[in-house]
Structure formats: structure tokens, C-alpha cells
$ cat entry_20.cif   # mmCIF, C-alpha atoms
data_upload
loop_
_atom_site.label_atom_id
_atom_site.label_comp_id
_atom_site.auth_asym_id
_atom_site.auth_seq_id
_atom_site.Cartn_x
_atom_site.Cartn_y
_atom_site.Cartn_z
CA MET C 17 -6.24 20.78 -23.13
CA ASN C 18 -4.66 22.69 -20.25
CA LYS C 19 -1.85 21.68 -17.92
CA THR C 20 -4.07 20.13 -15.26
CA GLN C 21 -5.75 17.89 -17.83
CA LYS C 22 -2.43 16.91 -19.34
CA GLY C 23 -1.13 16.09 -15.86
CA ALA C 24 -4.19 13.95 -15.15
CA TRP C 25 -3.78 12.03 -18.43
CA PHE C 26 -0.08 11.57 -17.69
CA LEU C 27 -0.80 10.23 -14.20
CA LEU C 28 -3.49 7.88 -15.48
CA GLY C 29 -1.26 6.60 -18.28
CA MET C 30 1.70 6.16 -15.93
CA THR C 31 -0.43 4.19 -13.48
CA VAL C 32 -1.60 1.84 -16.22
CA LEU C 33 1.95 1.46 -17.56
CA ILE C 34 3.40 0.70 -14.12
CA LEU C 35 0.67 -1.86 -13.40
CA ALA C 36 1.42 -3.52 -16.74
CA PHE C 37 5.14 -3.37 -15.92
CA VAL C 38 4.53 -5.12 -12.60
CA GLY C 39 2.58 -7.81 -14.48
CA VAL C 40 5.44 -8.26 -16.96
CA VAL C 41 8.00 -8.49 -14.14
CA TYR C 42 5.82 -11.05 -12.35
CA ALA C 43 5.46 -13.10 -15.56
CA SER C 44 9.23 -12.96 -16.13
CA LEU C 45 9.82 -14.62 -12.73
CA PHE C 46 8.22 -17.80 -14.04
CA ALA C 47 9.83 -17.78 -17.49
CA GLY C 48 11.67 -20.99 -18.31
CA GLY C 49 15.29 -21.14 -19.47
CA ASP C 50 18.44 -19.52 -18.15
CA ARG C 51 18.79 -16.75 -15.56
CA LEU C 52 18.17 -13.94 -18.06
CA ALA C 53 15.17 -15.60 -19.68
CA GLY C 54 12.09 -13.38 -19.73
CA THR C 55 13.99 -10.16 -19.04
CA SER C 56 13.63 -8.76 -22.57
CA PRO C 57 9.97 -7.71 -22.10
CA VAL C 58 10.92 -6.15 -18.77
CA LYS C 59 13.64 -4.08 -20.45
CA ALA C 60 11.26 -3.11 -23.25
CA TRP C 61 8.62 -1.95 -20.76
CA GLY C 62 11.27 -0.02 -18.84
CA VAL C 63 12.31 1.81 -22.01
CA LEU C 64 8.65 2.43 -22.87
CA ILE C 65 8.01 3.97 -19.44
CA LEU C 66 11.08 6.22 -19.75
CA ALA C 67 10.04 7.31 -23.26
CA TYR C 68 6.49 7.97 -22.05
CA THR C 69 7.78 10.05 -19.14
CA ALA C 70 10.05 12.12 -21.42
CA ALA C 71 7.26 12.69 -23.96
CA ALA C 72 4.78 13.58 -21.21
CA VAL C 73 7.16 16.13 -19.67
CA VAL C 74 7.64 17.81 -23.07
CA ILE C 75 3.91 17.83 -23.84
CA ALA C 76 2.95 19.04 -20.37
CA HIS C 77 5.31 22.01 -20.61
CA ARG C 78 4.13 23.02 -24.08
CA LYS C 79 1.54 25.79 -23.74
CA GLN C 80 -1.54 26.31 -25.88
CA SER C 81 -0.56 29.95 -26.24
CA PRO C 82 2.09 32.25 -24.72
CA ALA C 83 -0.66 33.85 -22.62
CA GLU C 84 -1.72 30.58 -21.01
CA PRO C 85 -1.51 30.90 -17.22
CA GLU C 86 -0.12 28.20 -14.94
CA SER C 87 -3.53 27.73 -13.32
CA ASP C 88 -6.58 29.71 -12.35
CA GLU C 89 -9.13 29.49 -9.54
CA ARG C 90 -11.27 27.02 -11.45
CA ASP C 91 -8.30 24.70 -11.90
CA ASP C 92 -7.57 24.95 -8.19
CA THR C 93 -11.19 24.13 -7.32
CA ILE C 94 -11.16 21.14 -9.67
CA LYS C 95 -7.91 19.88 -8.15
CA LYS C 96 -9.27 20.31 -4.62
CA ASN C 97 -12.43 18.36 -5.48
CA ALA C 98 -10.28 15.64 -7.07
CA VAL C 99 -8.16 15.45 -3.92
CA LEU C 100 -11.32 15.02 -1.83
CA ALA C 101 -12.44 12.18 -4.11
CA CYS C 102 -8.95 10.72 -3.85
CA PHE C 103 -9.08 10.82 -0.02
CA ILE C 104 -12.45 9.06 0.02
CA SER C 105 -11.12 6.38 -2.33
CA VAL C 106 -8.03 5.88 -0.16
CA TRP C 107 -10.18 5.23 2.89
CA VAL C 108 -12.54 2.89 1.03
CA ALA C 109 -9.54 1.02 -0.44
CA LEU C 110 -7.97 0.65 3.01
CA VAL C 111 -11.23 -0.67 4.46
CA LEU C 112 -11.47 -3.18 1.61
CA ALA C 113 -7.81 -4.12 2.04
CA SER C 114 -8.45 -5.00 5.67
CA PHE C 115 -11.53 -7.13 4.91
CA ILE C 116 -10.59 -8.94 1.71
CA PRO C 117 -7.68 -10.99 3.18
CA THR C 118 -10.02 -12.23 5.93
CA LEU C 119 -12.60 -13.26 3.35
CA VAL C 120 -9.97 -14.98 1.19
CA VAL C 121 -7.96 -16.93 3.78
CA GLY C 122 -10.54 -17.21 6.58
CA ASP C 123 -10.66 -16.03 10.20
CA ASN C 124 -7.64 -17.99 11.36
CA GLY C 125 -5.53 -17.59 8.24
CA SER C 126 -2.38 -15.60 7.74
CA ILE C 127 -0.88 -13.60 4.90
CA PRO C 128 2.81 -13.25 3.93
CA VAL C 129 4.31 -9.94 5.01
CA PHE C 130 5.58 -9.17 1.52
CA PHE C 131 1.90 -8.76 0.62
CA LEU C 132 1.58 -5.65 2.84
CA PRO C 133 3.69 -3.30 0.65
CA VAL C 134 1.78 -4.65 -2.36
CA ILE C 135 -1.48 -3.59 -0.66
CA ASN C 136 0.05 -0.20 0.03
CA LEU C 137 1.08 0.22 -3.60
CA MET C 138 -2.35 -0.88 -4.82
CA VAL C 139 -4.01 1.74 -2.61
CA LEU C 140 -1.60 4.33 -4.04
CA PHE C 141 -2.47 3.36 -7.61
CA VAL C 142 -6.18 3.47 -6.81
CA ALA C 143 -5.68 6.97 -5.42
CA PHE C 144 -3.80 8.06 -8.58
CA CYS C 145 -6.52 6.64 -10.84
CA VAL C 146 -9.34 8.26 -8.87
CA TYR C 147 -7.56 11.63 -8.82
CA SER C 148 -6.91 11.56 -12.58
CA ILE C 149 -10.41 10.41 -13.46
CA ALA C 150 -11.97 13.00 -11.12
CA VAL C 151 -9.98 15.78 -12.80
CA LEU C 152 -10.86 14.58 -16.29
CA VAL C 153 -14.54 14.12 -15.48
CA GLN C 154 -14.78 17.61 -14.01
CA TYR C 155 -13.22 19.17 -17.10
CA GLY C 156 -15.25 17.01 -19.44
CA MET C 157 -13.77 14.55 -21.87
CA PRO C 158 -12.00 15.94 -24.97
CA ARG C 159 -14.13 16.49 -28.05
CA LEU C 160 -13.44 14.40 -31.11
CA GLU C 161 -13.40 17.40 -33.47
CA GLY C 162 -10.21 18.63 -31.80
CA GLY C 163 -11.77 21.54 -29.99
CA ALA C 164 -10.75 22.93 -26.67
CA GLY C 165 -11.63 19.71 -24.88
CA GLY C 166 -14.90 19.97 -23.02
CA ASN C 167 -14.70 23.02 -20.80
CA GLY C 168 -10.97 22.66 -20.40
CA GLY C 169 -10.14 25.29 -22.96
CA LEU C 170 -12.25 27.94 -21.32
CA THR C 171 -10.06 28.36 -18.28
CA HIS C 172 -7.57 30.91 -19.48
CA GLY C 173 -7.59 34.65 -19.40
CA GLY C 174 -9.76 36.81 -17.23
CA PRO C 175 -8.90 38.90 -14.19
CA GLU C 176 -8.66 36.00 -11.74
CA THR C 177 -5.91 34.09 -13.48
CA LYS C 178 -2.51 33.73 -11.92
CA GLY C 179 0.88 32.68 -13.20
CA GLU C 180 2.55 33.92 -16.37
CA GLY C 181 -0.54 35.12 -18.12
CA ALA C 182 -1.89 37.16 -15.20
CA MET N 288 -12.50 29.15 21.94
CA ASN N 289 -15.00 29.00 19.06
CA ARG N 290 -17.30 26.18 18.06
CA GLN N 291 -14.84 24.46 15.71
CA THR N 292 -12.08 24.46 18.33
CA LYS N 293 -14.50 22.99 20.86
CA GLU N 294 -15.51 20.33 18.34
CA ALA N 295 -11.85 19.50 17.66
CA CYS N 296 -11.16 19.16 21.41
CA LEU N 297 -14.31 17.05 21.75
CA GLY N 298 -13.06 14.90 18.89
CA LEU N 299 -9.75 14.36 20.65
CA LEU N 300 -11.32 13.58 24.02
CA LEU N 301 -14.48 11.71 23.04
CA VAL N 302 -14.32 10.40 19.46
CA VAL N 303 -10.98 8.61 19.83
CA PRO N 304 -12.10 6.61 22.91
CA MET N 305 -15.40 5.84 21.11
CA ILE N 306 -13.50 4.50 18.09
CA VAL N 307 -11.27 2.41 20.34
CA ILE N 308 -14.17 1.01 22.36
CA ILE N 309 -16.75 0.36 19.62
CA GLY N 310 -14.33 -0.73 16.88
CA GLY N 311 -12.07 -2.66 19.25
CA VAL N 312 -14.97 -4.51 20.85
CA GLY N 313 -16.28 -5.37 17.37
CA VAL N 314 -12.89 -6.75 16.33
CA PHE N 315 -12.45 -8.81 19.50
CA ILE N 316 -16.00 -10.20 19.37
CA GLY N 317 -15.34 -11.18 15.76
CA TYR N 318 -12.03 -12.75 16.76
CA ASP N 319 -13.52 -14.65 19.69
CA LYS N 320 -16.94 -15.71 18.37
CA GLY N 321 -16.35 -15.55 14.62
CA ILE N 322 -17.52 -12.93 12.15
CA SER N 323 -21.25 -12.24 12.34
CA PHE N 324 -23.51 -9.30 11.58
CA GLY N 325 -23.18 -7.60 14.99
CA PRO N 326 -19.40 -7.19 15.23
CA LEU N 327 -19.18 -6.53 11.51
CA LEU N 328 -21.70 -3.70 11.88
CA MET N 329 -19.83 -2.30 14.89
CA PHE N 330 -16.49 -2.36 13.12
CA GLY N 331 -17.73 -1.35 9.65
CA GLY N 332 -19.90 1.45 11.01
CA THR N 333 -17.04 2.81 13.08
CA VAL N 334 -14.44 2.82 10.31
CA ILE N 335 -16.76 4.12 7.60
CA ALA N 336 -18.43 6.81 9.72
CA GLY N 337 -15.20 7.76 11.48
CA GLY N 338 -13.18 7.77 8.30
CA LEU N 339 -15.58 9.91 6.29
CA ILE N 340 -16.98 12.27 8.94
CA TRP N 341 -14.56 14.95 7.78
CA LEU N 342 -16.76 15.31 4.66
CA VAL N 343 -19.64 16.79 6.69
CA PRO N 344 -18.37 20.43 6.71
CA PHE N 345 -17.73 20.30 2.95
CA ILE N 346 -21.21 18.97 2.25
CA SER N 347 -22.94 21.32 4.68
CA SER N 348 -21.09 24.32 3.21
CA ARG N 349 -22.48 23.44 -0.22
CA ILE N 350 -26.06 22.66 0.72
CA GLY N 351 -26.38 25.16 3.58
CA LYS N 352 -28.95 27.93 3.06
CA PRO N 353 -27.43 31.42 2.73
CA GLU N 354 -30.01 33.05 5.02
CA GLU N 355 -29.06 30.81 7.93
CA LYS N 356 -26.91 32.19 10.74
CA VAL N 357 -23.24 31.82 9.84
CA SER N 358 -21.60 29.24 12.07
CA PHE N 359 -18.95 27.92 9.65
CA ASP N 360 -17.37 30.52 7.39
CA GLU N 361 -14.75 30.28 4.63
CA ARG N 362 -11.86 30.55 7.08
CA ASP N 363 -13.21 27.63 9.08
CA LEU N 364 -13.56 25.63 5.87
CA LEU N 365 -9.96 26.45 4.89
CA ILE N 366 -8.71 25.40 8.33
CA HIS N 367 -10.74 22.20 8.10
CA LYS N 368 -9.31 21.50 4.64
CA ARG N 369 -5.75 21.94 5.88
CA ALA N 370 -6.43 19.77 8.92
CA VAL N 371 -7.84 16.98 6.74
CA MET N 372 -4.85 17.27 4.40
CA ALA N 373 -2.40 17.06 7.31
CA ALA N 374 -4.32 14.14 8.81
CA TYR N 375 -4.19 12.26 5.50
CA VAL N 376 -0.44 12.78 5.24
CA VAL N 377 -0.06 11.35 8.76
CA LEU N 378 -2.44 8.49 7.89
CA TRP N 379 -0.42 7.61 4.80
CA LEU N 380 2.83 7.61 6.80
CA TYR N 381 1.13 5.40 9.40
CA PHE N 382 0.09 2.86 6.76
CA VAL N 383 3.53 2.81 5.18
CA ALA N 384 4.96 2.16 8.64
CA ALA N 385 2.27 -0.45 9.33
CA CYS N 386 3.34 -2.28 6.16
CA VAL N 387 7.10 -2.03 6.68
CA ILE N 388 7.35 -2.71 10.45
CA PRO N 389 5.84 -6.26 10.30
CA TRP N 390 8.26 -7.01 7.48
CA CYS N 391 11.16 -5.96 9.71
CA VAL N 392 9.76 -7.78 12.76
CA VAL N 393 8.91 -11.19 11.30
CA GLY N 394 11.36 -11.16 8.39
CA PRO N 395 10.73 -11.19 4.63
CA GLN N 396 9.63 -14.85 4.61
CA GLY N 397 7.28 -14.48 7.59
CA SER N 398 3.53 -14.12 7.72
CA ILE N 399 1.03 -12.35 9.95
CA SER N 400 -2.50 -13.18 11.06
CA VAL N 401 -5.27 -11.58 9.01
CA ASN N 402 -6.83 -10.41 12.29
CA ILE N 403 -4.08 -7.78 12.45
CA MET N 404 -5.52 -6.00 9.41
CA PRO N 405 -8.75 -4.65 11.00
CA LEU N 406 -6.74 -3.60 14.06
CA ALA N 407 -4.29 -1.75 11.80
CA LEU N 408 -7.23 -0.01 10.13
CA LEU N 409 -8.64 0.94 13.52
CA GLY N 410 -5.22 2.31 14.49
CA GLY N 411 -5.21 4.33 11.27
CA LEU N 412 -8.59 5.81 12.12
CA ILE N 413 -7.36 6.80 15.58
CA VAL N 414 -4.20 8.36 14.12
CA PHE N 415 -6.28 10.23 11.53
CA THR N 416 -8.73 11.58 14.13
CA LEU N 417 -5.93 12.62 16.47
CA ALA N 418 -3.96 14.35 13.70
CA GLN N 419 -7.04 16.17 12.40
CA GLY N 420 -8.06 17.36 15.86
CA LEU N 421 -4.55 18.51 16.72
CA ALA N 422 -4.14 20.29 13.36
CA THR N 423 -7.45 22.11 13.89
CA VAL N 424 -6.59 23.17 17.44
CA VAL N 425 -3.09 24.30 16.40
CA GLN N 426 -4.41 26.34 13.46
CA TYR N 427 -7.04 28.13 15.59
CA GLY N 428 -4.56 28.60 18.39
CA ARG N 429 -2.01 30.40 16.22
CA GLY N 430 -4.28 33.38 15.48
CA GLY N 431 -4.33 35.01 18.94
CA ASP N 432 -7.91 36.01 19.79
CA ASP N 433 -9.26 35.20 16.33
CA ALA N 434 -10.73 31.94 17.48
CA LYS N 435 -13.15 33.62 19.87
CA ASP N 436 -16.83 33.59 19.01
#

$ encode --input "entry_20.cif" --output "C-alpha cells"
Amino acid sequence: MNKTQKGAWFLLGMTVLILAFVGVVYASLFAGGDRLAGTSPVKAWGVLILAYTAAAVVIAHRKQSPAEPESDERDDTIKKNAVLACFISVWVALVLASFIPTLVVGDNGSIPVFFLPVINLMVLFVAFCVYSIAVLVQYGMPRLEGGAGGNGGLTHGGPETKGEGA
Amino acid sequence: MNRQTKEACLGLLLVVPMIVIIGGVGVFIGYDKGISFGPLLMFGGTVIAGGLIWLVPFISSRIGKPEEKVSFDERDLLIHKRAVMAAYVVLWLYFVAACVIPWCVVGPQGSISVNIMPLALLGGLIVFTLAQGLATVVQYGRGGDDAKD
């Protein structure tokens, strides 16, 4: 698994964790009891996210071999295609975000303004998910026998590589 | 001025007013008479076609036949890519502003009409088209006489 794949997995995992964290925070708002009731799961999720980030940074910087380059032309092409998919998803998400409130509350309804940043964040998370999934799909999913991971292990070496191994 | 520069100028002068007229009329008909197929088609067609038209050069560069006369080379594609990237950055900043400004205007406990949302989307499309056209013109303009046919 090369750096781009690791980065995509990290982004996907972080998106899922943050969405779950938002859900936990939301649930803690309605927890009964004193002022600090329901904050323990929030703290636990916060620690989990920090631990995940630290582990991901270590794993992402660990190379398969000393000769592994930072990226090659194929990686760049895959990233560019993923960015295109991400842009399309952003536009589709924005179109949906402008229609769905009308369908939910009706033509003459109104929505609270605090909902607007939530829409913005949701669009951002959709973009992250689409980017990560597009990268992973283009590389191919990792093989169960612990091989190079689809075509992801075939990217290194060769005259067109750049970075440390070039 | 080559073909791509002309198209970018045309986009600035013609496409933006078309988006405003067709999309805006669709929104206001929907607001006045209620949502029906006609205004929905006008608005949906405008935002979907206008928002994804930047894909056309990427698709045509992949399915174009090699023996055809070259009218869009790799440099044009690179310039288009950068213009789309710049336009998306501007679009994202616009939507962040569009989410934060109402909050500041009506206060954290306030609410806004849902009819604002399609108008905000239409504004985003206009901002995107303007930014893309300007980025294309600026990139071709920087290269001296390179942009000539």
C-alpha cells in the first residue's frame, strides 16, 4: 500500500470518526443529569480521534522500502481523477442541499441559520468520502493474502518516478 | 486570441447572463406560482449543465480521435484544469461566506426562507463561471503571443 492509498484510507477513516463524534456530541446534549452528564463518551471519542491521527501519521510516513518514491506520474493521475470526481460530487451535493430543505419544509418554510454551516460541513465530508473512495477504487482494493494491494504496489521504481527514489 | 480564450470571453459575456436569466426566471416563477415541472426544469437544467460543463474538455480529450485536427492540446487541458481548480476554490469560499453571512445578519437564533437556497446556488454558479473564465483569460494572457492560433 503506497502513500496515496494510506492517505485515502486515513481521510476516509477520519471522516467516519468525525461524523460519529458529531453524533456523540449531539446525543450528549440530551443526556439527563448534571451539567457534565454525557461528556464521557465525547472525551473518549476525542481521545480516539487523536490516537487515530497519531497512528495514521506514523503509518503514512513509514515506507514500504527505502527506495519508495514520494509519488509517480500514475499517482498524480489517480489523484487528479479523484479530484475531478470530488468536484462533481461537491456540485451535486450543493444542488441537493438547495432542493432538500424546500422539499422538507415546503415552499414558504424557513430553516434556522445554524443549519447552513452544517450543510457546508456535510458537503465537505461528502467531498472527502468521494475523494478517498475514488482513489481506492482506482488503485484497486487490497488483496486478502497481504500482497501489494491491487495495483497499488506496482507504482514504484522506473524512470518516471520522482521524489526520494528517483 | 485563440479558440479557448475566445470561448472564455464568450463564457464571461454570454453564459453568465444566460444563467442569471434562465435560472433566475425559473426560481421566480417557482416562487410566484409554486414549484412545477417548467421552472424546476429551467432551474435544474441550468445548474446541472452550467455546473458540470467544465467536464466537456476532459471527456473530449479522452474520446477524441487522434487523427482529427488538433484544436485542444495538452497545454490547453492544463490551463483548463487550473482554471477549474481556481474556480472551485472561489466557489468553496463563496459557499462558506453564503453560510456565515446570514448567520451574522439574522443572528444565531434566526432563520431564513428556503427560497434563498436556490438563489444562493445560482449565485455560486455565476461566481464559478466568472472565476473560471477569468482564470482562463489570465493564464492565456500571461504567455505573450502564445495564445495566438

$ atom_distance --input "entry_20.cif" --atom1 "atom CA of C:Gln154" --atom2 "atom CA of C:Ile94"
6.7 Å

$ interface_residues --input "entry_20.cif" --of "chain C" --to "chain N" --cutoff "8 Å" --atoms "only C-alpha atoms" --output "list of chain:residue names"
C:Phe103, C:Ile104, C:Trp107, C:Val108, C:Leu110, C:Val111, C:Ala113, C:Ser114, C:Phe115, C:Pro117, C:Thr118, C:Val121, C:Asp123, C:Asn124, C:Gly125, C:Ser126, C:Ile127, C:Pro128, C:Val129, C:Phe130, C:Leu132, C:Pro133, C:Asn136

$ residues_around --input "entry_20.cif" --residues "stretch 43-60 of chain C" --least-positions-apart "6" --cutoff "12 Å" --atoms "all atoms listed in the file" --output "short mmCIF file (atom, residue, chain, number, x, y, z; two decimals) with C-alpha atoms, in the coordinates of the input"
data_model
loop_
_atom_site.label_atom_id
_atom_site.label_comp_id
_atom_site.auth_asym_id
_atom_site.auth_seq_id
_atom_site.Cartn_x
_atom_site.Cartn_y
_atom_site.Cartn_z
CA LEU C 33 1.95 1.46 -17.56
CA ILE C 34 3.40 0.70 -14.12
CA ALA C 36 1.42 -3.52 -16.74
CA PHE C 37 5.14 -3.37 -15.92
CA LEU C 66 11.08 6.22 -19.75
CA ALA C 67 10.04 7.31 -23.26
#

$ resolve_selection --input "entry_20.cif" --expression "the PyMOL selection byres ((chain C and resi 151) around 10)" --output "PDB file with C-alpha atoms, in the coordinates of the input"
ATOM      1  CA  THR C  20      -4.070  20.130 -15.260  1.00  0.00           C
ATOM      2  CA  GLN C  21      -5.750  17.890 -17.830  1.00  0.00           C
ATOM      3  CA  GLY C  23      -1.130  16.090 -15.860  1.00  0.00           C
ATOM      4  CA  ALA C  24      -4.190  13.950 -15.150  1.00  0.00           C
ATOM      5  CA  TRP C  25      -3.780  12.030 -18.430  1.00  0.00           C
ATOM      6  CA  ASP C  91      -8.300  24.700 -11.900  1.00  0.00           C
ATOM      7  CA  ILE C  94     -11.160  21.140  -9.670  1.00  0.00           C
ATOM      8  CA  LYS C  95      -7.910  19.880  -8.150  1.00  0.00           C
ATOM      9  CA  LYS C  96      -9.270  20.310  -4.620  1.00  0.00           C
ATOM     10  CA  ASN C  97     -12.430  18.360  -5.480  1.00  0.00           C
ATOM     11  CA  ALA C  98     -10.280  15.640  -7.070  1.00  0.00           C
ATOM     12  CA  VAL C  99      -8.160  15.450  -3.920  1.00  0.00           C
ATOM     13  CA  ALA C 101     -12.440  12.180  -4.110  1.00  0.00           C
ATOM     14  CA  CYS C 145      -6.520   6.640 -10.840  1.00  0.00           C
ATOM     15  CA  VAL C 146      -9.340   8.260  -8.870  1.00  0.00           C
ATOM     16  CA  TYR C 147      -7.560  11.630  -8.820  1.00  0.00           C
ATOM     17  CA  SER C 148      -6.910  11.560 -12.580  1.00  0.00           C
ATOM     18  CA  ILE C 149     -10.410  10.410 -13.460  1.00  0.00           C
ATOM     19  CA  ALA C 150     -11.970  13.000 -11.120  1.00  0.00           C
ATOM     20  CA  LEU C 152     -10.860  14.580 -16.290  1.00  0.00           C
ATOM     21  CA  VAL C 153     -14.540  14.120 -15.480  1.00  0.00           C
ATOM     22  CA  GLN C 154     -14.780  17.610 -14.010  1.00  0.00           C
ATOM     23  CA  TYR C 155     -13.220  19.170 -17.100  1.00  0.00           C
ATOM     24  CA  GLY C 156     -15.250  17.010 -19.440  1.00  0.00           C
ATOM     25  CA  MET C 157     -13.770  14.550 -21.870  1.00  0.00           C
TER      26      MET C 157
END

$ residues_around --input "entry_20.cif" --residues "N:Ile308" --least-positions-apart "6" --cutoff "10 Å" --atoms "only C-alpha atoms" --output "ChimeraX atom specification"
/N:302,314,329,333

$ atom_distance --input "entry_20.cif" --atom1 "atom CA of N:Glu361" --atom2 "atom CA of N:Leu421"
19.7 Å

$ atom_distance --input "entry_20.cif" --atom1 "atom CA of N:Thr416" --atom2 "atom CA of N:Ile340"
9.8 Å

$ closest_residue --input "entry_20.cif" --among "C:Phe131, C:Phe144, C:Trp61, C:Tyr68" --to "C:Ser105" --atoms "only C-alpha atoms"
C:Phe144

$ closest_residue --input "entry_20.cif" --among "C:Leu100, C:Val134, C:Val142, C:Lys22" --to "C:His77" --atoms "only C-alpha atoms"
C:Lys22

$ residues_around --input "entry_20.cif" --residues "N:Ala373" --least-positions-apart "3" --cutoff "9 Å" --atoms "only C-alpha atoms" --output "number ranges by chain"
N: 368-370, 376-378, 415, 418-419, 422

$ closest_residue --input "entry_20.cif" --among "N:Leu297, N:Ile306, N:Ala374, N:Leu365" --to "N:Tyr427" --atoms "all atoms listed in the file"
N:Leu365
